[in-house]
Amino acid sequence: MRFLGIDAMFHDPAATWCPRAQAATSGRMPGAVLCGSPPRRRMRTVPRASARKPVVRAAGRRGPDDRGRVLVARLDGAGDVLLAGPAVRAVRTLAREVVFLAGPGGRAAAELLPGVDRVIEWRAPWIDHTPPPVTKGQAADLVGRLAGVDEAVILTSFHQSALPLALLLRLAGVRRITAISNDYPGSLLDVRHVVDESVDVPEAERMLAVARAAGFELPAGDDGKLAVQRPLPDISANLGHLLGAGAEADAGKGTYVVVHPGASAPARTWPAERHRRTVRELAQDGHRVVVTGNERDLTAYVAGEDAADLGGATTFAELAAVIDGACLLVVGNTGPAHLAAAVGTPVVSLFAPVVPAARWAPYGVPTVLLGDQEAPCRASRARDCPVPGHPCLSHVTSEQVVKAVRELTQ
C-alpha cells in the first residue's frame with residue numbers, strides 16, 4: 001500500500017460560521033455537517049447556547065478583542081503532539097499567548113512546535129500508559145499551574161475522553177473550552193465537537209477541526225502540514241565525522257538514510273535482525289546509513305559495522321536535525337515517523353495495523369507503507385502483539401524495504 005501526500009486525498013473547504021445552526025465547520029476535516037444537506041462523512045459541532053461567537057482577526061494583531069492566553073492540550077506521546085502542530089498554528093492566529101499542556105513523553109515535541117510560547121508538563125492518569133494514582137495534590141498542582149488561562153482547546157484521539165481535563169480546567173477558572181465529546185459534557189464544554197468515529201480521518205486533520213470549531217483558522221499561506229521551529233541544531237560536523245566524511249564534512253540534505261528500529265509499543269516493532277539485514281543491504285546498495293533511537297543495545301546491534309550508530313546520542317531537537325538531513329527514514333509507527341513528516345523527509349513506514357494507517361500514517365510526505373493492514377491484530381490498539389508470530393510485520397522482508405527506499409530516492 002502506497003501513500004503519497006495523504007493530505008491531498010481530502011477536500012479542503014473554507015471554514016465558516018453557520019448562524020442558523022450555531023455550528024462551525026471543521027474545514028480540512030472531511031464531513032463537517034453545518035446547514036443544509038449533510039455530506040457523506042458526518043461530523044458536527046454543537047456549541048452550548050452560552051458560547052460566544054468568536055471574532056476572527058488578522059494573525060499577529062493585538063487588541064481588546066484578542067482571545068488572550070489559550071491553552072492547547074495533547075497529553076500523550078511525541079508523535080501525537082507533532083500531529084497537533086497545524087491546530088496550534090491556527091490557535092496562534094488569534095491568541096495573545098499559546099500555552100501547550102503536554103505529558104512527559106510529549107514535552108520535547110511541544111517545545112519544537114511553531115506558535116507555542118510556553119509548555120506545561122503534566123502526567124494525566126487517564127492518558128499515560130503507566131498512569132500515576134489520582135490524588136488531590138496532583139489535581140491541585142495542575143489547577144494552580146493553569147491560572148490565567150482564558151480559553152482551552154483539548155485535543156484527543158478517538159479512544160480518549162476530554163472531560164476529565166475539562167473538569168480541571170473549569171476548576172482553574174478557564175472560561176471557554178472546546179473539545180471532541182460523544183458523551184454528554186454538561187457544563188464542562190462550551191463548544192462540543194461531535195464526530196463519527198467510524199470514519200478514519202488523518203489525526204492532524206481531526207485536531208485541526210477542533211481548533212476550527214473553536215473559531216481558529218490557519219493563517220493565509222499555511223498548507224496545514226506538520227512543521228518544527230527552525231533553525232534546528234547544527235549536527236553536520238559530528239554527523240559527517242560519524243559517516244566517515246571527515247569532521248568538517250557537510251552532512252547536507254539527502255546524503256544518507258536513517259533507520260530507526262525502536263517503537264513505543266512492542267506490537268509496532270519489526271524484528272531487530274530484519275533491521276540489521278536492511279542496514280547491510282542499504283550499505284551494499286550504495287547508501288550511507290545512520291541508526292537512531294534511545295535503546296543503545298538495539299541501535300548498536302542494528303548498525304553493526306555498516307552504519308553510524310547514534311543510539312542515545314541525540315536530544316529530540318537533534319534527532320529532528322538528523323532526520324531533516326536524510327533523504328529518507330525507515331521507521332515503524334512511532335514518534336520519529338511524524339518528526340520526519342514535520343521536517344519534510346520521505347518515509348518507508350513499517351506500519352502495524354493495531355491502529356488505522358488512514359489516521360496515523362506519516363502525514364503530508366511521500367510514504368511507502370509496508371505491513372499487512374488486514375492482519376488479525378487490525379484496530380486492536382494492542383501494545384503487545386496479540387497474534388502468535390507477529391504476522392502483520394514479520395512477513396515484510398529486508399528486500400521489500402530496500403526496494404521501497406529505491407522508489408522514494410530515485
# chains A, B, ... in the order shown; residues from 1 in each chain; ligands from 1
>>> closest_atom_pairs(of="segment 310-372 of chain A", to="segment 205-228 of chain A", cutoff="8 Å", atoms="only C-alpha atoms", output="tab-separated table")
residue	atom	partner	partner_atom	distance
A:His338	CA	A:Leu226	CA	8.0
A:Ala341	CA	A:Leu226	CA	6.2
A:Ala342	CA	A:Ala227	CA	4.2
A:Val343	CA	A:Ala227	CA	6.1
A:Tyr363	CA	A:Lys225	CA	7.2
A:Gly364	CA	A:Lys225	CA	6.0
>>> residues_around(residues="Pro231 of chain A", least_positions_apart="5", cutoff="12 Å", atoms="only C-alpha atoms", output="mmCIF file with all heavy atoms, in the first residue's frame")
data_model
loop_
_atom_site.group_PDB
_atom_site.id
_atom_site.type_symbol
_atom_site.label_atom_id
_atom_site.label_comp_id
_atom_site.auth_asym_id
_atom_site.auth_seq_id
_atom_site.Cartn_x
_atom_site.Cartn_y
_atom_site.Cartn_z
ATOM 1 N N LEU A 112 9.162 22.092 20.200
ATOM 2 C CA LEU A 112 9.583 22.298 18.809
ATOM 3 C C LEU A 112 8.476 22.860 17.932
ATOM 4 O O LEU A 112 8.726 23.210 16.782
ATOM 5 C CB LEU A 112 10.058 20.968 18.205
ATOM 6 C CG LEU A 112 11.503 20.545 18.431
ATOM 7 C CD1 LEU A 112 11.797 19.255 17.672
ATOM 8 C CD2 LEU A 112 12.478 21.630 18.015
ATOM 9 N N PRO A 114 6.061 25.311 16.110
ATOM 10 C CA PRO A 114 5.882 26.734 15.836
ATOM 11 C C PRO A 114 4.582 27.239 16.457
ATOM 12 O O PRO A 114 3.538 26.575 16.395
ATOM 13 C CB PRO A 114 5.801 26.783 14.304
ATOM 14 C CG PRO A 114 6.503 25.549 13.839
ATOM 15 C CD PRO A 114 6.200 24.517 14.875
ATOM 16 N N ALA A 317 15.441 17.539 19.551
ATOM 17 C CA ALA A 317 15.709 18.531 18.508
ATOM 18 C C ALA A 317 16.859 18.080 17.612
ATOM 19 O O ALA A 317 16.825 18.297 16.394
ATOM 20 C CB ALA A 317 16.027 19.878 19.142
ATOM 21 N N GLU A 318 17.863 17.450 18.184
ATOM 22 C CA GLU A 318 18.970 16.942 17.368
ATOM 23 C C GLU A 318 18.523 15.782 16.488
ATOM 24 O O GLU A 318 18.965 15.644 15.349
ATOM 25 C CB GLU A 318 20.130 16.510 18.269
ATOM 26 C CG GLU A 318 20.856 17.683 18.907
ATOM 27 C CD GLU A 318 21.792 17.259 20.030
ATOM 28 O OE1 GLU A 318 21.649 16.123 20.550
ATOM 29 O OE2 GLU A 318 22.656 18.085 20.416
ATOM 30 N N ALA A 320 15.582 15.558 15.231
ATOM 31 C CA ALA A 320 14.900 16.248 14.132
ATOM 32 C C ALA A 320 15.898 16.709 13.080
ATOM 33 O O ALA A 320 15.658 16.584 11.870
ATOM 34 C CB ALA A 320 14.108 17.437 14.670
ATOM 35 N N ALA A 321 17.033 17.229 13.541
ATOM 36 C CA ALA A 321 18.057 17.687 12.599
ATOM 37 C C ALA A 321 18.652 16.527 11.813
ATOM 38 O O ALA A 321 18.925 16.645 10.608
ATOM 39 C CB ALA A 321 19.153 18.434 13.353
ATOM 40 N N ASP A 324 16.068 15.531 9.329
ATOM 41 C CA ASP A 324 15.957 16.604 8.341
ATOM 42 C C ASP A 324 17.038 16.473 7.275
ATOM 43 O O ASP A 324 16.814 16.773 6.104
ATOM 44 C CB ASP A 324 16.055 17.952 9.054
ATOM 45 C CG ASP A 324 15.860 19.124 8.108
ATOM 46 O OD1 ASP A 324 14.950 19.062 7.265
ATOM 47 O OD2 ASP A 324 16.616 20.106 8.211
ATOM 48 N N VAL A 343 9.610 17.609 9.167
ATOM 49 C CA VAL A 343 10.772 18.219 8.502
ATOM 50 C C VAL A 343 10.778 17.942 7.011
ATOM 51 O O VAL A 343 11.701 18.330 6.305
ATOM 52 C CB VAL A 343 12.104 17.758 9.144
ATOM 53 C CG1 VAL A 343 12.175 18.186 10.598
ATOM 54 C CG2 VAL A 343 12.300 16.241 9.010
#
>>> closest_residue(among="A:Leu242, A:Leu168, A:Val291, A:Ala102", to="Ile127 of chain A", atoms="only C-alpha atoms")
A:Ala102
>>> select_by_dssp(residues="segment 272-403 of chain A", states="helix (DSSP H, G or I)", output="VMD selection string")
chain A and resid 272 to 284 296 to 303 316 to 324 335 to 343 357 to 360 391 to 394 398 to 403
>>> residues_around(residues="Gly106 of chain A", least_positions_apart="3", cutoff="9 Å", atoms="only C-alpha atoms", output="JSON, numbers by chain")
{"A": [74, 75, 76, 77, 78, 79, 80, 81, 82, 102, 103, 109, 110, 111, 121]}
>>> write_last_selection(atoms="N, CA and C atoms", output="short mmCIF file (atom, residue, chain, number, x, y, z; two decimals), in the first residue's frame")
data_model
loop_
_atom_site.label_atom_id
_atom_site.label_comp_id
_atom_site.auth_asym_id
_atom_site.auth_seq_id
_atom_site.Cartn_x
_atom_site.Cartn_y
_atom_site.Cartn_z
N ARG A 74 -2.50 18.34 24.52
CA ARG A 74 -2.38 16.99 23.95
C ARG A 74 -1.44 16.24 24.88
N LEU A 75 -1.98 15.28 25.61
CA LEU A 75 -1.30 14.76 26.80
C LEU A 75 -0.58 13.43 26.60
N ASP A 76 -0.40 12.97 25.35
CA ASP A 76 0.28 11.70 25.18
C ASP A 76 1.65 11.86 24.53
N GLY A 77 2.01 11.05 23.51
CA GLY A 77 3.38 10.96 23.06
C GLY A 77 3.83 12.04 22.11
N ALA A 78 5.13 11.97 21.75
CA ALA A 78 5.74 12.98 20.89
C ALA A 78 5.07 13.04 19.53
N GLY A 79 4.79 11.88 18.93
CA GLY A 79 4.14 11.89 17.63
C GLY A 79 2.78 12.53 17.66
N ASP A 80 2.01 12.26 18.72
CA ASP A 80 0.69 12.86 18.87
C ASP A 80 0.79 14.38 18.95
N VAL A 81 1.79 14.85 19.67
CA VAL A 81 1.99 16.30 19.81
C VAL A 81 2.38 16.92 18.48
N LEU A 82 3.27 16.29 17.74
CA LEU A 82 3.65 16.83 16.43
C LEU A 82 2.46 16.93 15.50
N ALA A 102 1.35 19.29 27.88
CA ALA A 102 1.86 18.04 27.33
C ALA A 102 2.17 17.06 28.43
N GLY A 103 2.15 15.77 28.11
CA GLY A 103 2.62 14.75 29.02
C GLY A 103 4.13 14.66 28.97
N ALA A 109 8.61 17.46 22.06
CA ALA A 109 7.97 17.75 20.78
C ALA A 109 7.20 19.06 20.85
N ALA A 110 6.52 19.32 21.96
CA ALA A 110 5.77 20.57 22.11
C ALA A 110 6.70 21.77 22.03
N GLU A 111 7.89 21.63 22.57
CA GLU A 111 8.86 22.74 22.54
C GLU A 111 9.37 23.02 21.14
N GLU A 121 4.16 20.70 31.59
CA GLU A 121 4.20 19.24 31.57
C GLU A 121 3.38 18.70 32.74
#
>>> atom_distance(atom1="atom CA of Val279 of chain A", atom2="atom CA of Thr397 of chain A")
12.3 Å
>>> residues_around(residues="Ser394 of chain A", least_positions_apart="5", cutoff="8 Å", atoms="only C-alpha atoms", output="ChimeraX atom specification")
/A:270-271,389
>>> write_last_selection(atoms="N, CA and C atoms", output="tab-separated table (two decimals), in the first residue's frame")
chain	number	residue	atom	x	y	z
A	270	TRP	N	9.37	-4.05	14.18
A	270	TRP	CA	9.86	-5.02	13.20
A	270	TRP	C	11.06	-5.72	13.82
A	271	PRO	N	11.29	-7.00	13.54
A	271	PRO	CA	12.39	-7.72	14.19
A	271	PRO	C	13.74	-7.04	14.02
A	389	GLY	N	3.52	-15.01	16.30
A	389	GLY	CA	4.33	-14.82	15.10
A	389	GLY	C	4.36	-13.41	14.55
>>> select_by_dssp(residues="segment 54-242 of chain A", states="strand (DSSP E or B)", output="mmCIF file with N, CA and C atoms, in the first residue's frame")
data_model
loop_
_atom_site.group_PDB
_atom_site.id
_atom_site.type_symbol
_atom_site.label_atom_id
_atom_site.label_comp_id
_atom_site.auth_asym_id
_atom_site.auth_seq_id
_atom_site.Cartn_x
_atom_site.Cartn_y
_atom_site.Cartn_z
ATOM 1 N N ARG A 69 -4.873 34.346 26.573
ATOM 2 C CA ARG A 69 -3.974 33.210 26.775
ATOM 3 C C ARG A 69 -4.762 31.922 26.510
ATOM 4 N N VAL A 70 -4.361 31.194 25.463
ATOM 5 C CA VAL A 70 -5.105 29.996 25.054
ATOM 6 C C VAL A 70 -4.239 28.764 25.300
ATOM 7 N N LEU A 71 -4.826 27.797 25.979
ATOM 8 C CA LEU A 71 -4.151 26.531 26.241
ATOM 9 C C LEU A 71 -4.539 25.519 25.173
ATOM 10 N N VAL A 72 -3.548 24.855 24.595
ATOM 11 C CA VAL A 72 -3.773 23.705 23.718
ATOM 12 C C VAL A 72 -3.245 22.483 24.451
ATOM 13 N N ALA A 73 -4.075 21.459 24.597
ATOM 14 C CA ALA A 73 -3.684 20.271 25.350
ATOM 15 C C ALA A 73 -3.626 19.052 24.458
ATOM 16 N N ARG A 74 -2.504 18.341 24.525
ATOM 17 C CA ARG A 74 -2.378 16.995 23.952
ATOM 18 C C ARG A 74 -1.439 16.241 24.884
ATOM 19 N N GLU A 97 -1.180 34.536 23.718
ATOM 20 C CA GLU A 97 -0.145 33.588 24.139
ATOM 21 C C GLU A 97 -0.708 32.185 23.978
ATOM 22 N N VAL A 98 0.118 31.259 23.476
ATOM 23 C CA VAL A 98 -0.270 29.856 23.361
ATOM 24 C C VAL A 98 0.524 29.053 24.378
ATOM 25 N N VAL A 99 -0.198 28.427 25.300
ATOM 26 C CA VAL A 99 0.406 27.537 26.288
ATOM 27 C C VAL A 99 0.050 26.107 25.899
ATOM 28 N N PHE A 100 1.049 25.240 25.829
ATOM 29 C CA PHE A 100 0.799 23.843 25.444
ATOM 30 C C PHE A 100 0.904 22.963 26.678
ATOM 31 N N LEU A 101 -0.141 22.172 26.923
ATOM 32 C CA LEU A 101 -0.136 21.212 28.020
ATOM 33 C C LEU A 101 0.208 19.847 27.454
ATOM 34 N N ALA A 102 1.351 19.293 27.876
ATOM 35 C CA ALA A 102 1.863 18.040 27.328
ATOM 36 C C ALA A 102 2.169 17.056 28.435
ATOM 37 N N ARG A 118 4.839 28.631 25.589
ATOM 38 C CA ARG A 118 5.228 28.043 26.867
ATOM 39 C C ARG A 118 4.642 26.645 26.963
ATOM 40 N N VAL A 119 5.379 25.727 27.597
ATOM 41 C CA VAL A 119 4.920 24.345 27.743
ATOM 42 C C VAL A 119 4.751 24.024 29.225
ATOM 43 N N ILE A 120 3.606 23.441 29.564
ATOM 44 C CA ILE A 120 3.372 22.892 30.897
ATOM 45 C C ILE A 120 3.366 21.371 30.765
ATOM 46 N N GLU A 121 4.162 20.703 31.587
ATOM 47 C CA GLU A 121 4.197 19.241 31.569
ATOM 48 C C GLU A 121 3.378 18.695 32.736
ATOM 49 N N GLU A 151 -8.789 30.467 27.736
ATOM 50 C CA GLU A 151 -9.530 29.566 26.851
ATOM 51 C C GLU A 151 -8.694 28.318 26.649
ATOM 52 N N ALA A 152 -9.347 27.200 26.328
ATOM 53 C CA ALA A 152 -8.616 25.952 26.117
ATOM 54 C C ALA A 152 -9.197 25.186 24.943
ATOM 55 N N VAL A 153 -8.300 24.538 24.209
ATOM 56 C CA VAL A 153 -8.664 23.617 23.134
ATOM 57 C C VAL A 153 -8.045 22.276 23.497
ATOM 58 N N ILE A 154 -8.889 21.284 23.802
ATOM 59 C CA ILE A 154 -8.409 19.968 24.221
ATOM 60 C C ILE A 154 -8.392 19.046 23.009
ATOM 61 N N ARG A 176 -13.673 29.325 28.554
ATOM 62 C CA ARG A 176 -14.190 28.745 27.307
ATOM 63 C C ARG A 176 -13.360 27.520 26.949
ATOM 64 N N ILE A 177 -14.032 26.382 26.743
ATOM 65 C CA ILE A 177 -13.348 25.120 26.488
ATOM 66 C C ILE A 177 -13.977 24.444 25.279
ATOM 67 N N THR A 178 -13.133 23.973 24.362
ATOM 68 C CA THR A 178 -13.580 23.268 23.162
ATOM 69 C C THR A 178 -12.927 21.897 23.125
ATOM 70 N N ALA A 179 -13.701 20.875 22.762
ATOM 71 C CA ALA A 179 -13.149 19.525 22.648
ATOM 72 C C ALA A 179 -14.131 18.633 21.906
ATOM 73 N N ILE A 180 -13.626 17.503 21.436
ATOM 74 C CA ILE A 180 -14.484 16.439 20.920
ATOM 75 C C ILE A 180 -15.075 15.689 22.106
ATOM 76 N N VAL A 191 -17.850 24.473 23.541
ATOM 77 C CA VAL A 191 -18.006 24.025 22.164
ATOM 78 C C VAL A 191 -17.743 22.533 22.149
ATOM 79 N N ARG A 192 -18.797 21.789 21.882
ATOM 80 C CA ARG A 192 -18.702 20.328 21.838
ATOM 81 C C ARG A 192 -18.663 19.891 20.382
ATOM 82 N N HIS A 193 -17.547 19.293 19.977
ATOM 83 C CA HIS A 193 -17.376 18.842 18.601
ATOM 84 C C HIS A 193 -17.657 17.345 18.562
ATOM 85 N N VAL A 194 -18.697 16.953 17.827
ATOM 86 C CA VAL A 194 -19.114 15.559 17.769
ATOM 87 C C VAL A 194 -18.710 14.976 16.425
ATOM 88 N N VAL A 195 -18.030 13.827 16.448
ATOM 89 C CA VAL A 195 -17.532 13.229 15.207
ATOM 90 C C VAL A 195 -18.048 11.805 15.063
#
>>> atom_distance(atom1="atom CA of Asn333 of chain A", atom2="atom CA of Phe316 of chain A")
16.9 Å
>>> residues_around(residues="Leu94 of chain A", least_positions_apart="2", cutoff="6 Å", atoms="only C-alpha atoms", output="list in words")
Asp66, Arg67, Val91 and Arg92 of chain A
>>> closest_residue(among="A:Gly115, A:Gly244, A:Gly105, A:Pro233", to="Gly85 of chain A", atoms="only C-alpha atoms")
A:Gly115
>>> residues_around(residues="Ala361 of chain A", least_positions_apart="5", cutoff="9 Å", atoms="only C-alpha atoms", output="list in words")
Phe3, Ile6, Pro202, Asn333, Ala337, His338, Ser349, Phe351, Pro356, Thr367 and Leu369 of chain A
>>> write_last_selection(atoms="N, CA and C atoms", output="compact mmCIF listing (two decimals), in the first residue's frame")
# COMPACT_ATOMS: atom_id res chain seq x y z
N PHE A 3 1.23 5.48 0.13
CA PHE A 3 0.63 6.77 0.46
C PHE A 3 1.58 7.85 -0.07
N ILE A 6 -0.75 12.34 1.70
CA ILE A 6 -2.05 11.91 2.21
C ILE A 6 -3.03 13.08 2.26
N PRO A 202 -7.22 11.51 9.00
CA PRO A 202 -5.86 11.76 9.50
C PRO A 202 -5.88 12.56 10.80
N ASN A 333 5.56 2.71 13.24
CA ASN A 333 4.57 3.72 13.62
C ASN A 333 4.92 4.23 15.01
N ALA A 337 8.48 8.92 13.01
CA ALA A 337 7.79 8.94 11.72
C ALA A 337 7.11 10.29 11.51
N HIS A 338 6.52 10.83 12.57
CA HIS A 338 5.85 12.12 12.46
C HIS A 338 6.86 13.27 12.50
N SER A 349 7.45 3.24 5.87
CA SER A 349 6.75 3.03 7.13
C SER A 349 6.45 1.55 7.32
N PHE A 351 4.38 -0.41 9.17
CA PHE A 351 3.19 0.01 9.91
C PHE A 351 2.38 -1.19 10.35
N PRO A 356 -5.34 2.44 12.80
CA PRO A 356 -5.55 2.60 11.35
C PRO A 356 -4.49 3.50 10.71
N THR A 367 5.28 8.56 1.21
CA THR A 367 5.39 7.44 2.14
C THR A 367 5.07 6.13 1.42
N LEU A 369 4.03 2.44 2.54
CA LEU A 369 3.53 1.74 3.71
C LEU A 369 3.73 0.24 3.52
>>> atom_distance(atom1="atom CA of Ser236 of chain A", atom2="atom CA of Val322 of chain A")
8.4 Å
>>> closest_residue(among="A:Thr255, A:Thr345, A:Thr409, A:Thr334", to="Ala357 of chain A", atoms="only C-alpha atoms")
A:Thr334
>>> decode(residues="segment 70-81 of chain A", atoms="all heavy atoms", output="PDB file, in the first residue's frame")
ATOM      1  N   VAL A  70      -4.361  31.194  25.463  1.00  0.00           N
ATOM      2  CA  VAL A  70      -5.105  29.996  25.054  1.00  0.00           C
ATOM      3  C   VAL A  70      -4.239  28.764  25.300  1.00  0.00           C
ATOM      4  O   VAL A  70      -3.073  28.712  24.892  1.00  0.00           O
ATOM      5  CB  VAL A  70      -5.526  30.061  23.575  1.00  0.00           C
ATOM      6  CG1 VAL A  70      -6.326  28.808  23.194  1.00  0.00           C
ATOM      7  CG2 VAL A  70      -6.345  31.324  23.309  1.00  0.00           C
ATOM      8  N   LEU A  71      -4.826  27.797  25.979  1.00  0.00           N
ATOM      9  CA  LEU A  71      -4.151  26.531  26.241  1.00  0.00           C
ATOM     10  C   LEU A  71      -4.539  25.519  25.173  1.00  0.00           C
ATOM     11  O   LEU A  71      -5.722  25.352  24.866  1.00  0.00           O
ATOM     12  CB  LEU A  71      -4.564  25.986  27.615  1.00  0.00           C
ATOM     13  CG  LEU A  71      -3.916  24.658  28.013  1.00  0.00           C
ATOM     14  CD1 LEU A  71      -2.656  24.910  28.825  1.00  0.00           C
ATOM     15  CD2 LEU A  71      -4.882  23.783  28.792  1.00  0.00           C
ATOM     16  N   VAL A  72      -3.548  24.855  24.595  1.00  0.00           N
ATOM     17  CA  VAL A  72      -3.773  23.705  23.718  1.00  0.00           C
ATOM     18  C   VAL A  72      -3.245  22.483  24.451  1.00  0.00           C
ATOM     19  O   VAL A  72      -2.095  22.476  24.901  1.00  0.00           O
ATOM     20  CB  VAL A  72      -3.071  23.865  22.366  1.00  0.00           C
ATOM     21  CG1 VAL A  72      -3.300  22.622  21.497  1.00  0.00           C
ATOM     22  CG2 VAL A  72      -3.560  25.117  21.645  1.00  0.00           C
ATOM     23  N   ALA A  73      -4.075  21.459  24.597  1.00  0.00           N
ATOM     24  CA  ALA A  73      -3.684  20.271  25.350  1.00  0.00           C
ATOM     25  C   ALA A  73      -3.626  19.052  24.458  1.00  0.00           C
ATOM     26  O   ALA A  73      -4.563  18.772  23.706  1.00  0.00           O
ATOM     27  CB  ALA A  73      -4.676  20.024  26.489  1.00  0.00           C
ATOM     28  N   ARG A  74      -2.504  18.341  24.525  1.00  0.00           N
ATOM     29  CA  ARG A  74      -2.378  16.995  23.952  1.00  0.00           C
ATOM     30  C   ARG A  74      -1.439  16.241  24.884  1.00  0.00           C
ATOM     31  O   ARG A  74      -0.240  16.540  24.963  1.00  0.00           O
ATOM     32  CB  ARG A  74      -1.818  17.044  22.543  1.00  0.00           C
ATOM     33  CG  ARG A  74      -1.695  15.663  21.893  1.00  0.00           C
ATOM     34  CD  ARG A  74      -3.035  15.126  21.411  1.00  0.00           C
ATOM     35  NE  ARG A  74      -3.033  13.685  21.262  1.00  0.00           N
ATOM     36  CZ  ARG A  74      -3.736  13.001  20.373  1.00  0.00           C
ATOM     37  NH1 ARG A  74      -4.540  13.644  19.543  1.00  0.00           N
ATOM     38  NH2 ARG A  74      -3.697  11.689  20.321  1.00  0.00           N
ATOM     39  N   LEU A  75      -1.976  15.276  25.607  1.00  0.00           N
ATOM     40  CA  LEU A  75      -1.303  14.755  26.796  1.00  0.00           C
ATOM     41  C   LEU A  75      -0.579  13.432  26.604  1.00  0.00           C
ATOM     42  O   LEU A  75      -0.166  12.821  27.587  1.00  0.00           O
ATOM     43  CB  LEU A  75      -2.337  14.619  27.927  1.00  0.00           C
ATOM     44  CG  LEU A  75      -2.754  15.949  28.565  1.00  0.00           C
ATOM     45  CD1 LEU A  75      -4.044  15.784  29.349  1.00  0.00           C
ATOM     46  CD2 LEU A  75      -1.650  16.480  29.464  1.00  0.00           C
ATOM     47  N   ASP A  76      -0.396  12.973  25.346  1.00  0.00           N
ATOM     48  CA  ASP A  76       0.284  11.697  25.180  1.00  0.00           C
ATOM     49  C   ASP A  76       1.654  11.863  24.530  1.00  0.00           C
ATOM     50  O   ASP A  76       2.422  12.718  24.938  1.00  0.00           O
ATOM     51  CB  ASP A  76      -0.603  10.674  24.470  1.00  0.00           C
ATOM     52  CG  ASP A  76      -1.550  11.297  23.458  1.00  0.00           C
ATOM     53  OD1 ASP A  76      -1.379  12.465  23.109  1.00  0.00           O
ATOM     54  OD2 ASP A  76      -2.465  10.605  23.010  1.00  0.00           O
ATOM     55  N   GLY A  77       2.007  11.048  23.515  1.00  0.00           N
ATOM     56  CA  GLY A  77       3.380  10.958  23.057  1.00  0.00           C
ATOM     57  C   GLY A  77       3.834  12.044  22.108  1.00  0.00           C
ATOM     58  O   GLY A  77       3.061  12.912  21.673  1.00  0.00           O
ATOM     59  N   ALA A  78       5.130  11.966  21.748  1.00  0.00           N
ATOM     60  CA  ALA A  78       5.741  12.979  20.889  1.00  0.00           C
ATOM     61  C   ALA A  78       5.072  13.042  19.527  1.00  0.00           C
ATOM     62  O   ALA A  78       4.832  14.125  18.983  1.00  0.00           O
ATOM     63  CB  ALA A  78       7.237  12.685  20.741  1.00  0.00           C
ATOM     64  N   GLY A  79       4.788  11.885  18.935  1.00  0.00           N
ATOM     65  CA  GLY A  79       4.143  11.887  17.631  1.00  0.00           C
ATOM     66  C   GLY A  79       2.780  12.532  17.664  1.00  0.00           C
ATOM     67  O   GLY A  79       2.401  13.285  16.750  1.00  0.00           O
ATOM     68  N   ASP A  80       2.012  12.258  18.715  1.00  0.00           N
ATOM     69  CA  ASP A  80       0.688  12.862  18.870  1.00  0.00           C
ATOM     70  C   ASP A  80       0.795  14.383  18.950  1.00  0.00           C
ATOM     71  O   ASP A  80      -0.018  15.107  18.369  1.00  0.00           O
ATOM     72  CB  ASP A  80       0.024  12.326  20.141  1.00  0.00           C
ATOM     73  CG  ASP A  80       0.051  10.815  20.215  1.00  0.00           C
ATOM     74  OD1 ASP A  80      -0.688  10.168  19.459  1.00  0.00           O
ATOM     75  OD2 ASP A  80       0.818  10.276  21.031  1.00  0.00           O
ATOM     76  N   VAL A  81       1.793  14.852  19.667  1.00  0.00           N
ATOM     77  CA  VAL A  81       1.988  16.298  19.815  1.00  0.00           C
ATOM     78  C   VAL A  81       2.376  16.924  18.482  1.00  0.00           C
ATOM     79  O   VAL A  81       1.873  17.994  18.110  1.00  0.00           O
ATOM     80  CB  VAL A  81       3.046  16.575  20.895  1.00  0.00           C
ATOM     81  CG1 VAL A  81       3.467  18.039  20.880  1.00  0.00           C
ATOM     82  CG2 VAL A  81       2.510  16.192  22.274  1.00  0.00           C
TER      83      VAL A  81
END
